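Q: Have a peek at data-v4.cif (mmCIF, C-alpha atoms and all ligand atoms; chains and numbers go by the auth columns).
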data_target
#
loop_
_atom_site.group_PDB
_atom_site.id
_atom_site.type_symbol
_atom_site.label_atom_id
_atom_site.label_comp_id
_atom_site.label_asym_id
_atom_site.label_seq_id
_atom_site.Cartn_x
_atom_site.Cartn_y
_atom_site.Cartn_z
_atom_site.B_iso_or_equiv
_atom_site.auth_seq_id
_atom_site.auth_asym_id
ATOM 1 C CA MET A 1 11.869 15.057 -5.656 0.00 1284 A
ATOM 2 C CA THR A 2 10.850 13.845 -9.083 0.00 1285 A
ATOM 3 C CA THR A 3 11.497 10.205 -9.871 0.00 1286 A
ATOM 4 C CA LEU A 4 8.684 9.599 -12.317 0.00 1287 A
ATOM 5 C CA ASP A 5 9.549 10.993 -15.734 0.00 1288 A
ATOM 6 C CA GLU A 6 7.245 10.351 -18.704 0.00 1289 A
ATOM 7 C CA GLU A 7 9.117 7.254 -19.858 0.00 1290 A
ATOM 8 C CA ARG A 8 8.959 5.678 -16.416 0.00 1291 A
ATOM 9 C CA ARG A 9 5.345 6.696 -15.925 0.00 1292 A
ATOM 10 C CA GLU A 10 4.321 5.071 -19.191 0.00 1293 A
ATOM 11 C CA ALA A 11 6.199 1.824 -18.534 0.00 1294 A
ATOM 12 C CA LEU A 12 5.009 1.667 -14.954 0.00 1295 A
ATOM 13 C CA THR A 13 1.380 2.402 -15.836 0.00 1296 A
ATOM 14 C CA GLU A 14 1.423 -0.514 -18.257 0.00 1297 A
ATOM 15 C CA TYR A 15 3.061 -2.812 -15.722 0.00 1298 A
ATOM 16 C CA ILE A 16 0.694 -1.838 -12.919 0.00 1299 A
ATOM 17 C CA ALA A 17 -2.246 -2.624 -15.197 0.00 1300 A
ATOM 18 C CA GLN A 18 -0.800 -6.096 -15.811 0.00 1301 A
ATOM 19 C CA VAL A 19 -0.407 -6.762 -12.095 0.00 1302 A
ATOM 20 C CA ARG A 20 -3.796 -5.263 -11.282 0.00 1303 A
ATOM 21 C CA ASP A 21 -5.487 -7.548 -13.803 0.00 1304 A
ATOM 22 C CA ALA A 22 -3.546 -10.601 -12.593 0.00 1305 A
ATOM 23 C CA LEU A 23 -4.857 -9.935 -9.077 0.00 1306 A
ATOM 24 C CA ASN A 24 -8.428 -9.503 -10.342 0.00 1307 A
ATOM 25 C CA LEU A 25 -8.463 -5.841 -9.345 0.00 1308 A
ATOM 26 C CA GLN A 26 -9.660 -4.515 -12.710 0.00 1309 A
ATOM 27 C CA ALA A 27 -12.308 -2.396 -10.992 0.00 1310 A
ATOM 28 C CA TYR A 28 -9.572 -0.275 -9.431 0.00 1311 A
ATOM 29 C CA LYS A 29 -7.952 2.758 -10.916 0.00 1312 A
ATOM 30 C CA ILE A 30 -4.351 3.018 -9.726 0.00 1313 A
ATOM 31 C CA VAL A 31 -3.048 6.581 -9.771 0.00 1314 A
ATOM 32 C CA LEU A 32 0.716 7.027 -9.755 0.00 1315 A
ATOM 33 C CA ARG A 33 1.967 9.882 -7.629 0.00 1316 A
ATOM 34 C CA ASP A 34 5.335 11.438 -8.218 0.00 1317 A
ATOM 35 C CA GLY A 35 7.956 11.532 -5.500 0.00 1318 A
ATOM 36 C CA PRO A 36 8.447 9.565 -2.325 0.00 1319 A
ATOM 37 C CA PRO A 37 5.553 8.589 -0.064 0.00 1320 A
ATOM 38 C CA PRO A 38 4.447 11.720 1.822 0.00 1321 A
ATOM 39 C CA GLY A 39 5.730 11.687 5.364 0.00 1322 A
ATOM 40 C CA ARG A 40 7.710 8.476 4.751 0.00 1323 A
ATOM 41 C CA GLU A 41 10.425 9.608 2.373 0.00 1324 A
ATOM 42 C CA GLU A 42 12.619 6.626 3.236 0.00 1325 A
ATOM 43 C CA ALA A 43 9.997 4.075 2.155 0.00 1326 A
ATOM 44 C CA THR A 44 10.339 2.244 -1.150 0.00 1327 A
ATOM 45 C CA ALA A 45 6.623 2.422 -1.863 0.00 1328 A
ATOM 46 C CA MET A 46 3.217 3.126 -0.403 0.00 1329 A
ATOM 47 C CA ILE A 47 -0.309 2.584 -1.641 0.00 1330 A
ATOM 48 C CA GLN A 48 -3.386 4.275 -0.279 0.00 1331 A
ATOM 49 C CA PRO A 49 -6.917 3.384 -1.328 0.00 1332 A
ATOM 50 C CA VAL A 50 -9.108 6.466 -1.533 0.00 1333 A
ATOM 51 C CA ASP A 51 -12.126 6.381 0.780 0.00 1334 A
ATOM 52 C CA GLY A 52 -15.385 5.964 -1.097 0.00 1335 A
ATOM 53 C CA ARG A 53 -13.781 5.314 -4.470 0.00 1336 A
ATOM 54 C CA MET A 54 -12.500 2.298 -6.380 0.00 1337 A
ATOM 55 C CA MET A 55 -9.166 3.999 -6.642 0.00 1338 A
ATOM 56 C CA ALA A 56 -5.785 3.833 -4.978 0.00 1339 A
ATOM 57 C CA GLU A 57 -2.815 6.172 -5.042 0.00 1340 A
ATOM 58 C CA LEU A 58 0.635 4.621 -5.415 0.00 1341 A
ATOM 59 C CA TRP A 59 3.895 6.312 -4.490 0.00 1342 A
ATOM 60 C CA LEU A 60 7.294 4.918 -5.395 0.00 1343 A
ATOM 61 C CA GLY A 61 10.283 6.354 -3.584 0.00 1344 A
ATOM 62 C CA PRO A 62 13.743 6.898 -5.086 0.00 1345 A
ATOM 63 C CA SER A 63 14.987 3.539 -3.767 0.00 1346 A
ATOM 64 C CA PHE A 64 12.417 1.730 -5.937 0.00 1347 A
ATOM 65 C CA TRP A 65 14.306 2.820 -9.026 0.00 1348 A
ATOM 66 C CA ILE A 66 17.520 1.129 -8.004 0.00 1349 A
ATOM 67 C CA GLU A 67 15.910 -2.174 -7.052 0.00 1350 A
ATOM 68 C CA THR A 68 16.453 -5.215 -9.241 0.00 1351 A
ATOM 69 C CA PRO A 69 13.523 -6.124 -11.532 0.00 1352 A
ATOM 70 C CA GLU A 70 12.736 -9.020 -9.154 0.00 1353 A
ATOM 71 C CA GLU A 71 12.619 -6.635 -6.195 0.00 1354 A
ATOM 72 C CA GLN A 72 10.510 -4.141 -8.138 0.00 1355 A
ATOM 73 C CA ARG A 73 8.072 -6.920 -9.015 0.00 1356 A
ATOM 74 C CA GLN A 74 7.768 -7.936 -5.393 0.00 1357 A
ATOM 75 C CA THR A 75 7.362 -4.323 -4.292 0.00 1358 A
ATOM 76 C CA ILE A 76 4.530 -3.775 -6.769 0.00 1359 A
ATOM 77 C CA ALA A 77 2.942 -7.123 -5.851 0.00 1360 A
ATOM 78 C CA HIS A 78 3.138 -6.186 -2.174 0.00 1361 A
ATOM 79 C CA GLU A 79 1.514 -2.805 -2.712 0.00 1362 A
ATOM 80 C CA MET A 80 -1.246 -4.179 -4.926 0.00 1363 A
ATOM 81 C CA LEU A 81 -2.010 -6.948 -2.413 0.00 1364 A
ATOM 82 C CA HIS A 82 -2.787 -4.196 0.089 0.00 1365 A
ATOM 83 C CA VAL A 83 -5.715 -3.178 -2.119 0.00 1366 A
ATOM 84 C CA LEU A 84 -7.174 -6.682 -1.778 0.00 1367 A
ATOM 85 C CA HIS A 85 -7.583 -6.373 2.009 0.00 1368 A
ATOM 86 C CA ARG A 86 -8.995 -2.867 1.912 0.00 1369 A
ATOM 87 C CA ASP A 87 -12.510 -3.821 3.021 0.00 1370 A
ATOM 88 C CA ALA A 88 -11.232 -5.982 5.878 0.00 1371 A
ATOM 89 C CA THR A 89 -8.914 -3.185 6.975 0.00 1372 A
ATOM 90 C CA ASP A 90 -11.759 -0.709 7.042 0.00 1373 A
ATOM 91 C CA VAL A 91 -13.620 -2.875 9.570 0.00 1374 A
ATOM 92 C CA ILE A 92 -10.820 -1.918 11.949 0.00 1375 A
ATOM 93 C CA ARG A 93 -10.060 1.524 10.567 0.00 1376 A
ATOM 94 C CA LEU A 94 -13.568 2.825 10.013 0.00 1377 A
ATOM 95 C CA GLY A 95 -15.876 0.386 11.836 0.00 1378 A
ATOM 96 C CA ALA A 96 -18.649 1.800 14.007 0.00 1379 A
ATOM 97 C CA TRP A 97 -17.113 -0.049 16.975 0.00 1380 A
ATOM 98 C CA ILE A 98 -14.402 2.595 17.243 0.00 1381 A
ATOM 99 C CA ARG A 99 -16.928 4.981 18.799 0.00 1382 A
ATOM 100 C CA HIS A 100 -17.337 2.572 21.716 0.00 1383 A
ATOM 101 C CA VAL A 101 -13.715 2.395 22.770 0.00 1384 A
ATOM 102 C CA GLY A 102 -11.186 4.957 23.899 0.00 1385 A
ATOM 103 C CA GLN A 103 -8.468 6.320 21.665 0.00 1386 A
ATOM 104 C CA GLY A 104 -5.857 4.203 23.473 0.00 1387 A
ATOM 105 C CA THR A 105 -7.708 0.944 22.801 0.00 1388 A
ATOM 106 C CA TYR A 106 -8.313 1.930 19.232 0.00 1389 A
ATOM 107 C CA ASP A 107 -4.680 2.937 18.624 0.00 1390 A
ATOM 108 C CA ALA A 108 -3.380 -0.288 20.192 0.00 1391 A
ATOM 109 C CA THR A 109 -5.782 -2.405 18.119 0.00 1392 A
ATOM 110 C CA TRP A 110 -4.834 -0.580 14.954 0.00 1393 A
ATOM 111 C CA GLU A 111 -1.132 -0.955 15.619 0.00 1394 A
ATOM 112 C CA VAL A 112 -1.337 -4.726 16.183 0.00 1395 A
ATOM 113 C CA PHE A 113 -3.717 -5.246 13.266 0.00 1396 A
ATOM 114 C CA ARG A 114 -1.481 -3.224 10.980 0.00 1397 A
ATOM 115 C CA ASP A 115 1.604 -5.203 11.988 0.00 1398 A
ATOM 116 C CA HIS A 116 -0.106 -8.552 11.353 0.00 1399 A
ATOM 117 C CA ILE A 117 -1.534 -7.434 8.019 0.00 1400 A
ATOM 118 C CA GLU A 118 1.871 -6.162 6.948 0.00 1401 A
ATOM 119 C CA LYS A 119 3.447 -9.545 7.694 0.00 1402 A
ATOM 120 C CA MET A 120 0.671 -11.376 5.844 0.00 1403 A
ATOM 121 C CA VAL A 121 0.975 -9.163 2.792 0.00 1404 A
ATOM 122 C CA ASP A 122 4.731 -9.487 2.688 0.00 1405 A
ATOM 123 C CA ARG A 123 4.537 -13.303 2.880 0.00 1406 A
ATOM 124 C CA LEU A 124 1.863 -13.379 0.197 0.00 1407 A
ATOM 125 C CA SER A 125 3.961 -11.140 -2.036 0.00 1408 A
ATOM 126 C CA VAL A 126 6.761 -13.732 -1.912 0.00 1409 A
ATOM 127 C CA ILE A 127 4.292 -16.331 -3.213 0.00 1410 A
ATOM 128 C CA VAL A 128 2.543 -14.122 -5.753 0.00 1411 A
ATOM 129 C CA ALA A 129 5.452 -12.159 -7.239 0.00 1412 A
ATOM 130 C CA PRO A 130 7.135 -15.059 -9.103 0.00 1413 A
ATOM 131 C CA ARG A 131 3.830 -15.664 -10.918 0.00 1414 A
ATOM 132 C CA LEU A 132 3.874 -12.130 -12.321 0.00 1415 A
ATOM 133 C CA PRO A 133 5.902 -10.842 -15.272 0.00 1416 A
ATOM 134 C CA LEU A 134 9.102 -8.960 -14.532 0.00 1417 A
ATOM 135 C CA PRO A 135 8.974 -5.197 -15.023 0.00 1418 A
ATOM 136 C CA GLU A 136 11.393 -3.509 -17.389 0.00 1419 A
ATOM 137 C CA LEU A 137 11.661 -0.216 -15.571 0.00 1420 A
ATOM 138 C CA ALA A 138 15.174 0.466 -14.357 0.00 1421 A
ATOM 139 C CA THR A 139 18.659 -0.958 -14.105 0.00 1422 A
ATOM 140 C CA ALA A 140 19.441 -3.295 -11.243 0.00 1423 A
ATOM 141 C CA GLY A 141 21.004 -2.035 -8.060 0.00 1424 A
ATOM 142 C CA ASP A 142 21.785 -3.426 -4.655 0.00 1425 A
ATOM 143 C CA THR A 143 20.289 -0.841 -2.322 0.00 1426 A
ATOM 144 C CA PRO A 144 18.674 -2.514 0.691 0.00 1427 A
ATOM 145 C CA HIS A 145 14.917 -2.841 0.505 0.00 1428 A
ATOM 146 C CA VAL A 146 12.903 -0.621 2.821 0.00 1429 A
ATOM 147 C CA ALA A 147 9.612 -2.157 3.846 0.00 1430 A
ATOM 148 C CA PRO A 148 6.655 -0.425 2.193 0.00 1431 A
ATOM 149 C CA LEU A 149 3.807 0.917 4.240 0.00 1432 A
ATOM 150 C CA MET A 150 0.336 -0.301 4.733 0.00 1433 A
ATOM 151 C CA PRO A 151 -2.442 1.862 3.348 0.00 1434 A
ATOM 152 C CA HIS A 152 -4.361 4.155 5.641 0.00 1435 A
ATOM 153 C CA GLY A 153 -3.375 5.782 8.849 0.00 1436 A
ATOM 154 C CA PRO A 154 -5.382 5.510 12.036 0.00 1437 A
ATOM 155 C CA VAL A 155 -8.425 7.684 12.494 0.00 1438 A
ATOM 156 C CA ALA A 156 -9.274 9.775 15.527 0.00 1439 A
ATOM 157 C CA VAL A 157 -11.943 8.257 17.730 0.00 1440 A
ATOM 158 C CA ASP A 158 -14.768 10.565 18.719 0.00 1441 A
ATOM 159 C CA THR A 159 -15.772 9.246 22.138 0.00 1442 A
ATOM 160 C CA THR A 160 -18.413 11.953 22.520 0.00 1443 A
ATOM 161 C CA GLN A 161 -20.670 10.048 20.088 0.00 1444 A
ATOM 162 C CA ALA A 162 -23.782 8.370 21.511 0.00 1445 A
ATOM 163 C CA GLY A 163 -23.149 4.780 22.478 0.00 1446 A
ATOM 164 C CA SER A 164 -19.905 5.317 24.314 0.00 1447 A
ATOM 165 C CA VAL A 165 -19.596 2.883 27.203 0.00 1448 A
ATOM 166 C CA GLU A 166 -17.385 5.197 29.250 0.00 1449 A
HETATM 167 ZN ZN ZN B . 2.970 -3.145 3.068 0.00 1 Y
#
The structure in this file should be written as structure tokens.
A:
Amino acid sequence: MTTLDEERREALTEYIAQVRDALNLQAYKIVLRDGPPPGREEATAMIQPVDGRMMAELWLGPSFWIETPEEQRQTIAHEMLHVLHRDATDVIRLGAWIRHVGQGTYDATWEVFRDHIEKMVDRLSVIVAPRLPLPELATAGDTPHVAPLMPHGPVAVDTTQAGSVE
């Protein structure tokens, strides 16, 4: 489903750059992807830093376009704040320690970590968003907000690697 026509892409690209700079994330390239977040079509938005690159992909679902400007601002702030904790997240997601635990321990750790990070980011977005300019992207609507996702999915643990304590 296409939600990102040229007019929206242009306005959004400019707005994202403003937010990115306000959060001191100038080193990042934010790539807008058309359509809803893959695999999470009901989500308002999702951002996913690309491994090994100073780049993140941002998806905005159809419900983003019927949010109020205030909601859109908070959604964008929320997604961009996820980029700020990328390195800390990768300690859990990609850390060498994952080779020393079983998949169950890793999955449980990831799930709890992800939940706590999501809560932190959402609280921070409430504080940060009012300090950002309002976007001028779409008309206001009153569709309920669907919580955006955290970047990155879990990785599979290879317990056959040397160093396993099992
Ligand atoms: Zn989130």
Q: Per residue of chain A within 10 Å of ligand ZN 1 (chain Y), what are the shortest atom pair and its distance in Å to one decimal, counting all atoms listed in the file, with rows by chain and residue number, as a Markdown table?
A:
| residue | atom | partner | partner_atom | distance |
| --- | --- | --- | --- | --- |
| A:Ala1328 | CA | Y:ZN1 | ZN | 8.3 |
| A:Met1329 | CA | Y:ZN1 | ZN | 7.2 |
| A:Ile1330 | CA | Y:ZN1 | ZN | 8.1 |
| A:Thr1358 | CA | Y:ZN1 | ZN | 8.7 |
| A:Ile1359 | CA | Y:ZN1 | ZN | 10.0 |
| A:Ala1360 | CA | Y:ZN1 | ZN | 9.8 |
| A:His1361 | CA | Y:ZN1 | ZN | 6.1 |
| A:Glu1362 | CA | Y:ZN1 | ZN | 6.0 |
| A:Met1363 | CA | Y:ZN1 | ZN | 9.1 |
| A:Leu1364 | CA | Y:ZN1 | ZN | 8.3 |
| A:His1365 | CA | Y:ZN1 | ZN | 6.6 |
| A:Arg1397 | CA | Y:ZN1 | ZN | 9.1 |
| A:Asp1398 | CA | Y:ZN1 | ZN | 9.3 |
| A:Ile1400 | CA | Y:ZN1 | ZN | 7.9 |
| A:Glu1401 | CA | Y:ZN1 | ZN | 5.0 |
| A:Lys1402 | CA | Y:ZN1 | ZN | 7.9 |
| A:Met1403 | CA | Y:ZN1 | ZN | 9.0 |
| A:Val1404 | CA | Y:ZN1 | ZN | 6.3 |
| A:Asp1405 | CA | Y:ZN1 | ZN | 6.6 |
| A:Ser1408 | CA | Y:ZN1 | ZN | 9.5 |
| A:Ala1430 | CA | Y:ZN1 | ZN | 6.8 |
| A:Pro1431 | CA | Y:ZN1 | ZN | 4.7 |
| A:Leu1432 | CA | Y:ZN1 | ZN | 4.3 |
| A:Met1433 | CA | Y:ZN1 | ZN | 4.2 |
| A:Pro1434 | CA | Y:ZN1 | ZN | 7.4 |
Q: Restricting the output to C-alpha atoms, write the selected residues as a CSV table (one decimal), in the coordinates of the input.
A:
chain,number,residue,atom,x,y,z
A,1328,ALA,CA,6.6,2.4,-1.9
A,1329,MET,CA,3.2,3.1,-0.4
A,1330,ILE,CA,-0.3,2.6,-1.6
A,1358,THR,CA,7.4,-4.3,-4.3
A,1359,ILE,CA,4.5,-3.8,-6.8
A,1360,ALA,CA,2.9,-7.1,-5.9
A,1361,HIS,CA,3.1,-6.2,-2.2
A,1362,GLU,CA,1.5,-2.8,-2.7
A,1363,MET,CA,-1.2,-4.2,-4.9
A,1364,LEU,CA,-2.0,-6.9,-2.4
A,1365,HIS,CA,-2.8,-4.2,0.1
A,1397,ARG,CA,-1.5,-3.2,11.0
A,1398,ASP,CA,1.6,-5.2,12.0
A,1400,ILE,CA,-1.5,-7.4,8.0
A,1401,GLU,CA,1.9,-6.2,6.9
A,1402,LYS,CA,3.4,-9.5,7.7
A,1403,MET,CA,0.7,-11.4,5.8
A,1404,VAL,CA,1.0,-9.2,2.8
A,1405,ASP,CA,4.7,-9.5,2.7
A,1408,SER,CA,4.0,-11.1,-2.0
A,1430,ALA,CA,9.6,-2.2,3.8
A,1431,PRO,CA,6.7,-0.4,2.2
A,1432,LEU,CA,3.8,0.9,4.2
A,1433,MET,CA,0.3,-0.3,4.7
A,1434,PRO,CA,-2.4,1.9,3.3
Q: Using all atoms listed in the file, find the one residue out of A:Val1302, A:Ile1349, A:Leu1377, A:Ala1339 that sits nearest to Pro1416 (chain A).
A: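 Ranked by minimum distance to Pro1416 (chain A), first place goes to A:Val1302.
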Q: Quick one: pull the distance between CA of Arg1406 (chain A) and CA of Asp1317 (chain A), Å, one decimal.
A: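 CA of Asp1317 (chain A) lies at a distance of 27.1 Å from CA of Arg1406 (chain A).
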Q: Please determine, counting only C-alpha atoms, which residue among A:Arg1303, A:Arg1369, A:Arg1382, A:His1399 has the shortest atom-to-atom distance to Leu1415 (chain A).
A: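 Among the listed residues, the smallest separation from Leu1415 (chain A) belongs to A:Arg1303.
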Q: Can you measure CA of Gln1301 (chain A) to CA of Val1411 (chain A) for me? One decimal in Å is fine.
A: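 Value for the CA of Gln1301 (chain A)-CA of Val1411 (chain A) distance: 13.3 Å.
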